[in-house]
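Below is start24.csv, which holds CSV, C-alpha atoms.
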chain,number,residue,atom,x,y,z
A,1,MET,CA,-5.9,1.2,59.3
A,2,PRO,CA,-4.7,2.1,55.7
A,3,ASN,CA,-3.2,5.5,55.0
A,4,GLU,CA,-6.0,7.4,53.2
A,5,THR,CA,-3.6,9.7,51.3
A,6,SER,CA,-1.8,6.9,49.6
A,7,ASP,CA,-2.7,6.1,45.9
A,8,PRO,CA,-3.9,2.5,45.6
A,9,LYS,CA,-2.3,2.4,42.2
A,10,LEU,CA,1.1,3.4,43.6
A,11,SER,CA,1.0,0.6,46.2
A,12,GLU,CA,0.1,-1.8,43.4
A,13,ILE,CA,3.1,-0.7,41.4
A,14,ASP,CA,5.3,-1.1,44.4
A,15,THR,CA,4.0,-4.6,45.0
A,16,MET,CA,4.6,-5.5,41.4
A,17,LYS,CA,8.2,-4.1,41.6
A,18,SER,CA,9.0,-6.1,44.7
A,19,ARG,CA,7.6,-9.3,43.2
A,20,LEU,CA,9.6,-8.7,40.1
A,21,SER,CA,12.8,-8.3,42.1
A,22,VAL,CA,12.2,-11.7,43.7
A,23,LEU,CA,11.4,-13.3,40.3
A,24,LEU,CA,14.4,-11.8,38.6
A,25,PRO,CA,17.4,-12.1,41.0
A,26,GLY,CA,20.5,-10.4,39.8
A,27,ILE,CA,18.8,-8.6,36.9
A,28,THR,CA,18.8,-4.8,37.1
A,29,LEU,CA,15.6,-3.2,35.8
A,30,GLU,CA,15.7,0.6,35.2
A,31,TRP,CA,12.4,2.1,36.4
A,32,SER,CA,11.0,5.5,35.5
A,33,GLU,CA,7.8,7.4,35.6
A,34,PHE,CA,6.5,9.7,32.9
A,35,ARG,CA,3.0,11.4,33.2
A,36,GLY,CA,1.6,8.5,35.2
A,37,GLN,CA,3.1,5.8,32.9
A,38,THR,CA,5.4,3.2,34.4
A,39,ARG,CA,8.4,2.4,32.2
A,40,VAL,CA,11.0,-0.2,32.7
A,41,ILE,CA,14.2,-0.8,30.7
A,42,CYS,CA,15.3,-4.4,30.6
A,43,PRO,CA,18.8,-5.7,29.7
A,44,ALA,CA,18.5,-7.1,26.2
A,45,ASN,CA,20.4,-10.4,27.0
A,46,GLN,CA,17.9,-11.2,29.8
A,47,LEU,CA,14.7,-10.4,27.7
A,48,ALA,CA,13.1,-13.9,27.7
A,49,LYS,CA,13.4,-14.1,31.6
A,50,CYS,CA,12.0,-10.6,32.0
A,51,LEU,CA,9.0,-11.2,29.7
A,52,SER,CA,8.0,-14.4,31.5
A,53,ALA,CA,8.4,-12.6,34.8
A,54,PHE,CA,6.1,-9.8,33.6
A,55,ARG,CA,3.5,-12.4,32.7
A,56,GLU,CA,4.0,-14.0,36.1
A,57,VAL,CA,3.2,-10.8,38.0
A,58,GLY,CA,-0.1,-10.4,36.2
A,59,PHE,CA,0.5,-8.7,32.9
A,60,ASP,CA,-1.6,-11.1,30.9
A,61,GLN,CA,-2.1,-9.0,27.8
A,62,LEU,CA,0.4,-7.6,25.3
A,63,THR,CA,-1.4,-4.6,23.9
A,64,ASP,CA,1.4,-3.6,21.5
A,65,LEU,CA,4.9,-4.5,20.5
A,66,THR,CA,6.7,-2.1,18.3
A,67,ALA,CA,10.2,-0.6,17.7
A,68,VAL,CA,11.8,2.8,17.3
A,69,ASP,CA,14.8,3.6,15.2
A,70,LEU,CA,16.9,6.1,17.2
A,71,LEU,CA,19.4,6.9,14.5
A,72,GLU,CA,20.3,10.6,14.8
A,73,TYR,CA,17.6,11.0,17.5
A,74,GLY,CA,18.8,13.5,20.1
A,75,ASN,CA,21.8,12.1,21.9
A,76,ALA,CA,20.6,8.5,21.9
A,77,ASP,CA,23.4,5.9,22.4
A,78,ASP,CA,21.6,2.9,20.9
A,79,ARG,CA,20.3,2.3,17.4
A,80,PHE,CA,17.0,0.5,18.1
A,81,GLU,CA,14.5,0.4,20.9
A,82,VAL,CA,11.9,-2.4,21.1
A,83,VAL,CA,8.8,-1.5,23.1
A,84,TYR,CA,6.4,-3.9,24.8
A,85,CYS,CA,3.2,-2.3,26.1
A,86,LEU,CA,1.7,-4.6,28.7
A,87,LEU,CA,-1.7,-4.6,30.5
A,88,ASN,CA,-2.9,-6.4,33.6
A,89,VAL,CA,-6.5,-6.9,32.6
A,90,GLU,CA,-7.7,-7.6,36.1
A,91,SER,CA,-6.2,-4.5,37.8
A,92,GLY,CA,-5.9,-2.2,34.8
A,93,LEU,CA,-2.2,-1.6,35.5
A,94,ARG,CA,-0.1,-0.9,32.5
A,95,LEU,CA,3.6,-1.3,32.0
A,96,ILE,CA,5.9,-0.2,29.1
A,97,ALA,CA,8.9,-2.4,28.9
A,98,LYS,CA,11.8,-1.4,26.6
A,99,ILE,CA,15.1,-2.9,25.4
A,100,TYR,CA,17.8,-1.3,23.4
A,101,LEU,CA,19.5,-3.1,20.5
A,102,ASN,CA,22.5,-2.3,18.3
A,103,GLU,CA,23.7,-3.6,15.0
A,104,PRO,CA,25.0,-6.1,14.0
A,105,ASP,CA,23.3,-8.3,16.7
A,106,LEU,CA,19.6,-7.7,16.1
A,107,THR,CA,18.3,-11.0,17.2
A,108,ILE,CA,16.1,-11.2,20.3
A,109,PRO,CA,13.9,-14.0,21.7
A,110,SER,CA,10.3,-14.0,20.5
A,111,ALA,CA,7.5,-13.1,22.9
A,112,THR,CA,5.2,-15.6,21.3
A,113,PRO,CA,5.7,-18.3,24.0
A,114,VAL,CA,4.5,-15.8,26.6
A,115,TRP,CA,1.8,-13.9,24.7
A,116,PHE,CA,0.8,-15.5,21.5
A,117,GLY,CA,-0.6,-12.2,20.3
A,118,ALA,CA,3.0,-11.2,19.6
A,119,ASP,CA,2.9,-13.3,16.4
A,120,TRP,CA,1.9,-10.6,13.8
A,121,LEU,CA,3.4,-7.7,15.8
A,122,GLU,CA,6.8,-9.3,15.7
A,123,ARG,CA,6.5,-10.0,12.0
A,124,GLU,CA,5.6,-6.4,11.4
A,125,VAL,CA,8.6,-5.2,13.5
A,126,TYR,CA,10.8,-7.5,11.4
A,127,ASP,CA,9.2,-6.2,8.2
A,128,MET,CA,9.9,-2.6,9.0
A,129,TYR,CA,13.1,-2.6,11.1
A,130,GLY,CA,14.8,-6.0,10.4
A,131,ILE,CA,14.8,-7.0,14.0
A,132,VAL,CA,14.9,-10.8,14.1
A,133,PHE,CA,12.8,-12.7,16.7
A,134,SER,CA,14.2,-16.2,17.3
A,135,GLY,CA,11.7,-18.9,18.3
A,136,HIS,CA,8.8,-17.4,16.4
A,137,PRO,CA,6.5,-20.1,14.9
A,138,ASN,CA,6.1,-18.5,11.4
A,139,PHE,CA,8.8,-15.9,10.9
A,140,LYS,CA,8.5,-14.1,7.6
A,141,ARG,CA,7.5,-10.7,6.3
A,142,LEU,CA,3.9,-9.6,7.1
A,143,LEU,CA,3.1,-6.6,4.9
A,144,LEU,CA,5.7,-6.2,2.3
A,145,PRO,CA,6.4,-8.7,-0.5
A,146,GLU,CA,8.6,-11.6,0.4
A,147,GLU,CA,11.2,-10.6,-2.1
A,148,PHE,CA,11.6,-7.1,-0.6
A,149,GLN,CA,15.2,-6.5,0.4
A,150,SER,CA,15.1,-3.4,2.7
A,151,PHE,CA,13.5,-2.4,6.0
A,152,PRO,CA,11.7,0.7,5.1
A,153,LEU,CA,11.0,2.3,8.6
A,154,ARG,CA,14.8,2.5,9.3
A,155,LYS,CA,15.8,6.1,9.3
A,156,ASP,CA,18.6,5.5,6.7
A,157,TYR,CA,16.1,4.2,4.1
A,158,PRO,CA,15.0,6.9,1.7
A,159,VAL,CA,11.2,7.7,1.8
A,160,LYS,CA,11.0,7.2,-2.0
A,161,GLY,CA,12.6,3.8,-1.7
A,162,ARG,CA,15.5,2.4,-3.7
A,163,GLY,CA,13.6,1.9,-6.9
A,164,GLU,CA,11.4,-1.0,-5.8
A,165,ARG,CA,8.3,0.7,-7.0
A,166,HIS,CA,9.6,0.8,-10.5
A,167,ASN,CA,10.8,-2.7,-10.7
A,168,PHE,CA,8.0,-4.2,-12.9
A,169,PRO,CA,7.7,-5.1,-16.5
A,170,VAL,CA,6.0,-2.5,-18.8
A,171,ILE,CA,3.1,-3.8,-20.7
A,172,THR,CA,2.6,-2.0,-24.1
A,173,ARG,CA,-0.8,-1.9,-25.8
A,174,ALA,CA,0.4,-3.9,-28.8
A,175,GLU,CA,1.5,-6.9,-26.6
A,176,SER,CA,-1.5,-7.0,-24.3
B,1,MET,CA,-33.6,-2.0,-60.6
B,2,ALA,CA,-32.1,0.5,-58.1
B,3,THR,CA,-35.3,2.5,-58.1
B,4,GLN,CA,-37.3,-0.7,-57.5
B,5,ILE,CA,-35.2,-1.5,-54.4
B,6,ASN,CA,-35.5,2.0,-53.3
B,7,LYS,CA,-39.2,1.9,-53.6
B,8,GLN,CA,-39.5,-1.3,-51.6
B,9,LEU,CA,-37.0,-0.5,-48.8
B,10,GLY,CA,-37.3,3.2,-48.6
B,11,ASP,CA,-35.2,4.8,-45.8
B,12,ASN,CA,-34.5,1.5,-44.0
B,13,ILE,CA,-31.0,1.1,-45.4
B,14,PHE,CA,-28.0,2.8,-44.0
B,15,LEU,CA,-24.6,2.7,-45.6
B,16,THR,CA,-21.5,2.8,-43.4
B,17,LYS,CA,-18.0,1.3,-43.1
B,18,LEU,CA,-17.7,-1.9,-41.1
B,19,ASP,CA,-15.1,-0.2,-38.8
B,20,ALA,CA,-17.4,2.6,-38.0
B,21,ALA,CA,-20.3,0.3,-37.3
B,22,ALA,CA,-18.2,-1.9,-35.0
B,23,SER,CA,-16.8,1.2,-33.2
B,24,TRP,CA,-20.2,2.7,-32.8
B,25,ALA,CA,-21.5,-0.5,-31.1
B,26,ARG,CA,-18.4,-0.9,-28.9
B,27,ALA,CA,-18.4,2.7,-27.8
B,28,ASN,CA,-22.0,2.5,-26.6
B,29,SER,CA,-21.7,-0.8,-24.8
B,30,LEU,CA,-18.6,-0.4,-22.6
B,31,TRP,CA,-18.5,-2.9,-19.8
B,32,PRO,CA,-16.4,-1.4,-17.0
B,33,MET,CA,-14.1,-3.4,-14.7
B,34,PRO,CA,-14.0,-1.4,-11.5
B,35,PHE,CA,-10.5,-1.7,-10.1
B,36,ALA,CA,-11.4,0.4,-7.1
B,37,THR,CA,-8.6,0.5,-4.5
B,38,ALA,CA,-9.3,3.8,-2.6
B,39,CYS,CA,-11.6,6.8,-2.3
B,40,CYS,CA,-11.9,7.2,-6.1
B,41,GLY,CA,-13.9,3.9,-5.9
B,42,ILE,CA,-16.6,5.7,-3.8
B,43,GLU,CA,-17.0,8.3,-6.6
B,44,LEU,CA,-17.0,5.5,-9.1
B,45,MET,CA,-19.9,3.8,-7.2
B,46,SER,CA,-21.6,7.2,-7.0
B,47,THR,CA,-21.2,7.6,-10.8
B,48,ALA,CA,-23.0,4.3,-11.3
B,49,ALA,CA,-25.7,4.9,-8.7
B,50,SER,CA,-29.0,6.6,-9.4
B,51,LYS,CA,-28.1,10.3,-9.0
B,52,HIS,CA,-25.5,10.4,-11.8
B,53,ASP,CA,-26.5,7.1,-13.5
B,54,LEU,CA,-23.7,6.0,-15.7
B,55,SER,CA,-26.2,3.8,-17.7
B,56,ARG,CA,-27.4,6.9,-19.5
B,57,PHE,CA,-24.0,6.7,-21.3
B,58,GLY,CA,-24.2,3.0,-22.2
B,59,SER,CA,-21.5,1.7,-19.8
B,60,GLU,CA,-23.4,0.7,-16.7
B,61,VAL,CA,-22.7,-3.1,-16.8
B,62,MET,CA,-20.1,-3.3,-14.1
B,63,ARG,CA,-18.5,-6.8,-14.0
B,64,PHE,CA,-16.1,-8.0,-11.4
B,65,SER,CA,-14.7,-10.6,-13.7
B,66,PRO,CA,-12.1,-9.3,-16.1
B,67,ARG,CA,-13.1,-11.9,-18.6
B,68,GLN,CA,-16.5,-10.1,-19.1
B,69,CYS,CA,-15.1,-6.5,-19.3
B,70,ASP,CA,-13.7,-4.3,-21.9
B,71,LEU,CA,-13.0,-1.1,-19.9
B,72,MET,CA,-10.7,-1.1,-16.9
B,73,ILE,CA,-11.2,1.9,-14.6
B,74,VAL,CA,-8.3,2.1,-12.2
B,75,ALA,CA,-9.7,4.1,-9.3
B,76,GLY,CA,-7.3,4.7,-6.6
B,77,ARG,CA,-3.7,4.3,-5.6
B,78,VAL,CA,-1.9,1.1,-6.7
B,79,VAL,CA,0.8,-0.1,-4.4
B,80,MET,CA,3.8,-2.2,-5.5
B,81,LYS,CA,2.2,-5.3,-4.1
B,82,MET,CA,-1.0,-4.7,-6.1
B,83,LEU,CA,0.6,-3.8,-9.5
B,84,PRO,CA,1.3,-7.5,-10.6
B,85,VAL,CA,-2.4,-8.2,-9.8
B,86,LEU,CA,-3.5,-5.2,-11.9
B,87,GLN,CA,-1.3,-6.2,-14.8
B,88,ARG,CA,-2.7,-9.8,-14.6
B,89,ILE,CA,-6.3,-8.6,-14.6
B,90,TRP,CA,-5.5,-6.3,-17.6
B,91,LEU,CA,-4.0,-9.3,-19.5
B,92,GLN,CA,-7.1,-11.4,-18.7
B,93,MET,CA,-9.5,-8.9,-20.3
B,94,PRO,CA,-10.6,-9.8,-23.8
B,95,GLU,CA,-9.9,-7.5,-26.8
B,96,PRO,CA,-10.8,-4.9,-27.6
B,97,LYS,CA,-10.2,-3.2,-24.3
B,98,TRP,CA,-9.5,0.3,-23.0
B,99,CYS,CA,-8.2,1.7,-19.7
B,100,ILE,CA,-9.2,4.8,-17.8
B,101,SER,CA,-6.8,6.0,-15.1
B,102,MET,CA,-9.1,7.8,-12.5
B,103,GLY,CA,-7.8,10.3,-10.0
B,104,ALA,CA,-4.4,11.8,-9.1
B,105,CYS,CA,-3.1,8.6,-7.5
B,106,ALA,CA,-3.7,6.3,-10.4
B,107,CYS,CA,-2.3,8.9,-12.8
B,108,THR,CA,0.8,10.0,-10.9
B,109,GLY,CA,0.9,8.5,-7.4
B,110,GLY,CA,-0.6,11.7,-6.0
B,111,VAL,CA,0.5,12.6,-2.6
B,112,PHE,CA,1.8,9.1,-1.9
B,113,ASP,CA,5.4,9.6,-3.1
B,114,THR,CA,6.7,6.7,-1.1
B,115,TYR,CA,8.6,3.5,-1.6
B,116,ALA,CA,5.5,1.4,-1.8
B,117,VAL,CA,3.2,3.3,-4.1
B,118,VAL,CA,3.5,3.0,-7.9
B,119,GLN,CA,3.9,6.5,-9.4
B,120,GLY,CA,1.2,6.2,-12.0
B,121,VAL,CA,-0.2,3.1,-13.5
B,122,ASP,CA,0.7,4.4,-17.0
B,123,ARG,CA,4.3,3.4,-16.3
B,124,PHE,CA,3.3,-0.2,-16.6
B,125,LEU,CA,0.0,-0.3,-18.4
B,126,PRO,CA,-1.4,1.4,-21.5
B,127,VAL,CA,-3.8,4.1,-20.4
B,128,ASP,CA,-6.4,5.7,-22.8
B,129,VAL,CA,-8.0,8.5,-20.8
B,130,TYR,CA,-6.7,10.2,-17.6
B,131,VAL,CA,-9.1,11.8,-15.1
B,132,PRO,CA,-7.5,14.4,-12.8
B,133,GLY,CA,-8.9,15.1,-9.4
B,134,CYS,CA,-8.6,13.9,-5.8
B,135,PRO,CA,-11.1,12.3,-6.1
B,136,PRO,CA,-12.7,13.3,-9.4
B,137,ARG,CA,-16.4,14.2,-9.3
B,138,PRO,CA,-18.8,11.8,-11.0
B,139,GLU,CA,-19.3,14.4,-13.7
B,140,GLN,CA,-15.6,14.2,-14.5
B,141,LEU,CA,-15.7,10.4,-14.8
B,142,ILE,CA,-18.8,10.7,-17.0
B,143,ARG,CA,-16.8,13.2,-19.2
B,144,SER,CA,-13.9,10.7,-19.4
B,145,ILE,CA,-16.3,8.0,-20.6
B,146,ILE,CA,-17.7,10.3,-23.2
B,147,ASP,CA,-14.2,11.2,-24.3
B,148,LEU,CA,-13.3,7.5,-24.5
B,149,GLN,CA,-16.4,6.9,-26.6
B,150,GLU,CA,-15.3,9.6,-29.0
B,151,LYS,CA,-11.9,8.1,-29.1
B,152,ILE,CA,-13.2,4.7,-29.9
B,153,GLN,CA,-15.6,6.0,-32.6
B,154,SER,CA,-13.0,8.2,-34.3
B,155,GLY,CA,-10.2,5.7,-34.5
B,156,GLY,CA,-11.6,2.2,-33.9
B,157,THR,CA,-11.3,-0.6,-36.3
B,158,ILE,CA,-13.2,-3.9,-36.4
B,159,ASN,CA,-10.1,-6.1,-36.0
B,160,ALA,CA,-8.4,-3.7,-33.5
B,161,ARG,CA,-5.7,-2.7,-35.9
B,162,GLU,CA,-5.2,0.6,-34.1
B,163,PHE,CA,-3.9,-1.2,-31.0
B,164,LYS,CA,-1.2,-3.0,-32.9
B,165,LEU,CA,0.5,0.3,-33.7
B,166,ARG,CA,1.0,1.2,-30.0
B,167,ILE,CA,4.2,-0.8,-29.5
B,168,LEU,CA,6.0,1.7,-27.3
B,169,PRO,CA,5.5,2.2,-23.6
B,170,GLU,CA,3.3,5.3,-23.2
B,171,GLY,CA,4.0,6.4,-19.6
B,172,PRO,CA,6.9,8.2,-18.1
B,173,THR,CA,10.2,6.4,-18.6
B,174,ARG,CA,11.8,4.6,-15.7
B,175,PHE,CA,14.8,6.9,-15.8
B,176,ASP,CA,13.5,9.5,-13.5
B,177,GLU,CA,14.6,11.1,-10.2
B,178,ASP,CA,14.2,8.0,-8.2
B,179,GLU,CA,16.3,6.0,-10.6
B,180,LEU,CA,18.9,8.7,-10.4
B,181,ILE,CA,19.0,8.5,-6.6
B,182,ARG,CA,19.5,4.7,-6.8
B,183,ILE,CA,22.4,5.1,-9.3
B,184,ARG,CA,24.0,7.8,-7.2
B,185,GLU,CA,23.8,5.7,-4.1
B,186,ARG,CA,25.4,2.8,-6.0
B,187,ASN,CA,28.2,5.0,-7.0
B,188,GLY,CA,28.8,6.1,-3.4
B,189,PHE,CA,27.3,9.6,-3.5
B,190,LYS,CA,25.4,10.8,-0.4
B,191,LEU,CA,21.7,11.5,-0.8
B,192,ASP,CA,22.0,15.0,0.7
B,193,ASP,CA,24.9,15.9,-1.4
B,194,GLN,CA,23.8,19.3,-2.9
B,195,LYS,CA,26.0,18.9,-5.9
B,196,TYR,CA,24.4,15.7,-7.0
B,197,ASN,CA,20.9,16.4,-5.8
B,198,PRO,CA,20.1,20.0,-6.7
B,199,VAL,CA,16.3,19.4,-6.9
B,200,HIS,CA,15.6,19.7,-3.2

Transcribe the structure of this file into structure tokens.
Amino acid sequence: MPNETSDPKLSEIDTMKSRLSVLLPGITLEWSEFRGQTRVICPANQLAKCLSAFREVGFDQLTDLTAVDLLEYGNADDRFEVVYCLLNVESGLRLIAKIYLNEPDLTIPSATPVWFGADWLEREVYDMYGIVFSGHPNFKRLLLPEEFQSFPLRKDYPVKGRGERHNFPVITRAES
Amino acid sequence: MATQINKQLGDNIFLTKLDAAASWARANSLWPMPFATACCGIELMSTAASKHDLSRFGSEVMRFSPRQCDLMIVAGRVVMKMLPVLQRIWLQMPEPKWCISMGACACTGGVFDTYAVVQGVDRFLPVDVYVPGCPPRPEQLIRSIIDLQEKIQSGGTINAREFKLRILPEGPTRFDEDELIRIRERNGFKLDDQKYNPVH
């Protein structure tokens, strides 16, 4: 007879955790809870294995992929954080997976082999933060012009830019 | 002889200058090109719609091809990716042509003082009439069109000689605060250095 006080969602999370520990032997995942959200921090050098394991345990949808620049943020040790928001469509379970990155090595494996929806999300993260996703099928800037040099959501980039918005020819009335 | 002609034609002859006749015709048949990129475009549509009815002022024929237009209405913010498109459309319009910069964003960049938004289209295009407002009411746009009509009628020439005189850029110069920040950074000064950045 099942214990009636136990939360069915909690037991689901425990099952998922134990399945992951079988799928990822020797890889330490840092688990935490915040307001009912399950978060896990993966080692950056084992990201590809972790992502396919997440898919394996039922997280079949990548709802969001984004990044955070932690420059001068509290007492953060690392520069960038890449966040994967995952959803198990069948059970409704959600997982937020994170990795930390530091300059100069900002190359991580692409998530497109696991969830193809990562295509534009990864291009946007590259556009704004300069994080490179290796193995992406069409890796280039998504929103900004191709010739743009900077990564504007980095905290050390000035809000007004570095003069890119003034870098155009001036058309006078006489010559137009 | 003269009295005979007078008798036959009566009051059916008007004497004017060719320049004035051409300008009068042009001013009352402006064909706008709606370059609507933001909320100002909604007001522009409202101006052309039945309540305010821009056709009362002889400029209701909106055309979405620049080849058929002689009045560019830049309605809304223009980002740095859009500006080359705007310039190209402007160059595709046949002479004589005029430009109305509608709203705070098209005139100055408005609240969007960021890396991606052009701080006023007049930096890169010749603008004839500015309309302030965020967004301007249709009455304001109608006023700007009446102003433009007055401008055309007061200074217009049949072979557009008045445009040939405007050889200098008319907007703010490139050497503004942003340019200064860039130069300071290149020279190794910090952005938050009070000594070199007293504005903030």

What are the residues of chain B that have an atom within 9 Å of an atom of chain A, counting only C-alpha atoms, as a PDB file with C-alpha atoms, in the coordinates of the input?
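File selection-v3.pdb, as written:
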ATOM      1  CA  VAL B  79       0.800  -0.100  -4.400  1.00  0.00           C
ATOM      2  CA  MET B  80       3.800  -2.200  -5.500  1.00  0.00           C
ATOM      3  CA  LYS B  81       2.200  -5.300  -4.100  1.00  0.00           C
ATOM      4  CA  LEU B  83       0.600  -3.800  -9.500  1.00  0.00           C
ATOM      5  CA  PRO B  84       1.300  -7.500 -10.600  1.00  0.00           C
ATOM      6  CA  GLN B  87      -1.300  -6.200 -14.800  1.00  0.00           C
ATOM      7  CA  TRP B  90      -5.500  -6.300 -17.600  1.00  0.00           C
ATOM      8  CA  LEU B  91      -4.000  -9.300 -19.500  1.00  0.00           C
ATOM      9  CA  GLU B  95      -9.900  -7.500 -26.800  1.00  0.00           C
ATOM     10  CA  ASP B 113       5.400   9.600  -3.100  1.00  0.00           C
ATOM     11  CA  THR B 114       6.700   6.700  -1.100  1.00  0.00           C
ATOM     12  CA  TYR B 115       8.600   3.500  -1.600  1.00  0.00           C
ATOM     13  CA  ALA B 116       5.500   1.400  -1.800  1.00  0.00           C
ATOM     14  CA  VAL B 117       3.200   3.300  -4.100  1.00  0.00           C
ATOM     15  CA  VAL B 118       3.500   3.000  -7.900  1.00  0.00           C
ATOM     16  CA  GLN B 119       3.900   6.500  -9.400  1.00  0.00           C
ATOM     17  CA  ASP B 122       0.700   4.400 -17.000  1.00  0.00           C
ATOM     18  CA  ARG B 123       4.300   3.400 -16.300  1.00  0.00           C
ATOM     19  CA  PHE B 124       3.300  -0.200 -16.600  1.00  0.00           C
ATOM     20  CA  LEU B 125       0.000  -0.300 -18.400  1.00  0.00           C
ATOM     21  CA  PRO B 126      -1.400   1.400 -21.500  1.00  0.00           C
ATOM     22  CA  VAL B 127      -3.800   4.100 -20.400  1.00  0.00           C
ATOM     23  CA  GLU B 162      -5.200   0.600 -34.100  1.00  0.00           C
ATOM     24  CA  PHE B 163      -3.900  -1.200 -31.000  1.00  0.00           C
ATOM     25  CA  LYS B 164      -1.200  -3.000 -32.900  1.00  0.00           C
ATOM     26  CA  LEU B 165       0.500   0.300 -33.700  1.00  0.00           C
ATOM     27  CA  ARG B 166       1.000   1.200 -30.000  1.00  0.00           C
ATOM     28  CA  ILE B 167       4.200  -0.800 -29.500  1.00  0.00           C
ATOM     29  CA  LEU B 168       6.000   1.700 -27.300  1.00  0.00           C
ATOM     30  CA  PRO B 169       5.500   2.200 -23.600  1.00  0.00           C
ATOM     31  CA  GLU B 170       3.300   5.300 -23.200  1.00  0.00           C
ATOM     32  CA  ARG B 174      11.800   4.600 -15.700  1.00  0.00           C
ATOM     33  CA  ASP B 178      14.200   8.000  -8.200  1.00  0.00           C
ATOM     34  CA  GLU B 179      16.300   6.000 -10.600  1.00  0.00           C
ATOM     35  CA  ILE B 181      19.000   8.500  -6.600  1.00  0.00           C
ATOM     36  CA  ARG B 182      19.500   4.700  -6.800  1.00  0.00           C
ATOM     37  CA  GLU B 185      23.800   5.700  -4.100  1.00  0.00           C
ATOM     38  CA  LEU B 191      21.700  11.500  -0.800  1.00  0.00           C
TER      39      LEU B 191
END

In Å and to one decimal, atom CA of B:Asp147 is distant from atom CA of B:Ala27 by 10.1 Å

At a cut-off of 12 Å, using only C-alpha atoms, what residues contact B:Ile146? Leave out same-chain residues fewer than 5 positions from it and give the result as a PyMOL selection string. chain B and resi 27-30+54+56-59+100+129+131+139-141+151-153

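Interatomic distance, atom CA of A:Val40 to atom CA of A:Arg141: 28.6 Å.
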
What separation in Å, quoted to one decimal, exists between atom CA of A:Val132 and atom CA of A:Ala44? 13.2 Å

Given the choices A:Met128, A:Ile96, A:Glu12, A:Thr28, which gets closest to A:Thr63 if the distance is worked out from only C-alpha atoms?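 Among A:Met128, A:Ile96, A:Glu12, A:Thr28, it is A:Ile96 that comes nearest to A:Thr63.
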
Spatial neighbours of B:Tyr130, 7 Å, only C-alpha atoms, chain gap at least 6 places, as a PyMOL selection string: chain B and resi 100-102+107

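For B:Glu60, the residues within 12 Å (counting all atoms listed in the file, excluding itself and residues fewer than 6 positions away along the chain) are Asn28, Ser29, Leu30, Trp31, Pro32, Met33, Pro34, Leu44, Met45, Ser46, Thr47, Ala48, Ala49, Ser50, His52, Asp53, Leu54, Cys69, Leu71, Ile142 and Ile145 of chain B.
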
Taking 6 positions as the minimum chain separation for residues in the same chain, which residues sit within 10 Å of stretch 104-113 of chain A when counting all atoms listed in the file? Answer as a ChimeraX atom specification. /A:44-49,51-52,62,65,80,82,84,119-122,126,129-137,139

Generate the missing atoms of stretch 81-92 of chain A up to N, CA and C atoms and report them as a CSV table (one decimal), keeping the file's coordinate frame.
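Output contents, as saved in out-v7.csv:
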chain,number,residue,atom,x,y,z
A,81,GLU,N,15.1,0.6,19.6
A,81,GLU,CA,14.5,0.4,20.9
A,81,GLU,C,13.2,-0.5,20.6
A,82,VAL,N,13.1,-1.6,21.3
A,82,VAL,CA,11.9,-2.4,21.1
A,82,VAL,C,11.0,-2.2,22.3
A,83,VAL,N,9.7,-1.9,22.1
A,83,VAL,CA,8.8,-1.5,23.1
A,83,VAL,C,7.7,-2.5,23.3
A,84,TYR,N,7.5,-3.0,24.5
A,84,TYR,CA,6.4,-3.9,24.8
A,84,TYR,C,5.4,-3.2,25.7
A,85,CYS,N,4.2,-3.0,25.2
A,85,CYS,CA,3.2,-2.3,26.1
A,85,CYS,C,2.3,-3.4,26.7
A,86,LEU,N,2.3,-3.5,28.0
A,86,LEU,CA,1.7,-4.6,28.7
A,86,LEU,C,0.5,-4.1,29.5
A,87,LEU,N,-0.5,-5.0,29.7
A,87,LEU,CA,-1.7,-4.6,30.5
A,87,LEU,C,-2.1,-5.8,31.4
A,88,ASN,N,-2.3,-5.4,32.6
A,88,ASN,CA,-2.9,-6.4,33.6
A,88,ASN,C,-4.4,-6.2,33.5
A,89,VAL,N,-5.1,-7.1,32.8
A,89,VAL,CA,-6.5,-6.9,32.6
A,89,VAL,C,-7.3,-6.8,33.8
A,90,GLU,N,-6.9,-7.5,34.9
A,90,GLU,CA,-7.7,-7.6,36.1
A,90,GLU,C,-7.6,-6.2,36.9
A,91,SER,N,-6.4,-5.7,37.0
A,91,SER,CA,-6.2,-4.5,37.8
A,91,SER,C,-6.2,-3.2,37.0
A,92,GLY,N,-6.0,-3.4,35.7
A,92,GLY,CA,-5.9,-2.2,34.8
A,92,GLY,C,-4.6,-1.6,34.8
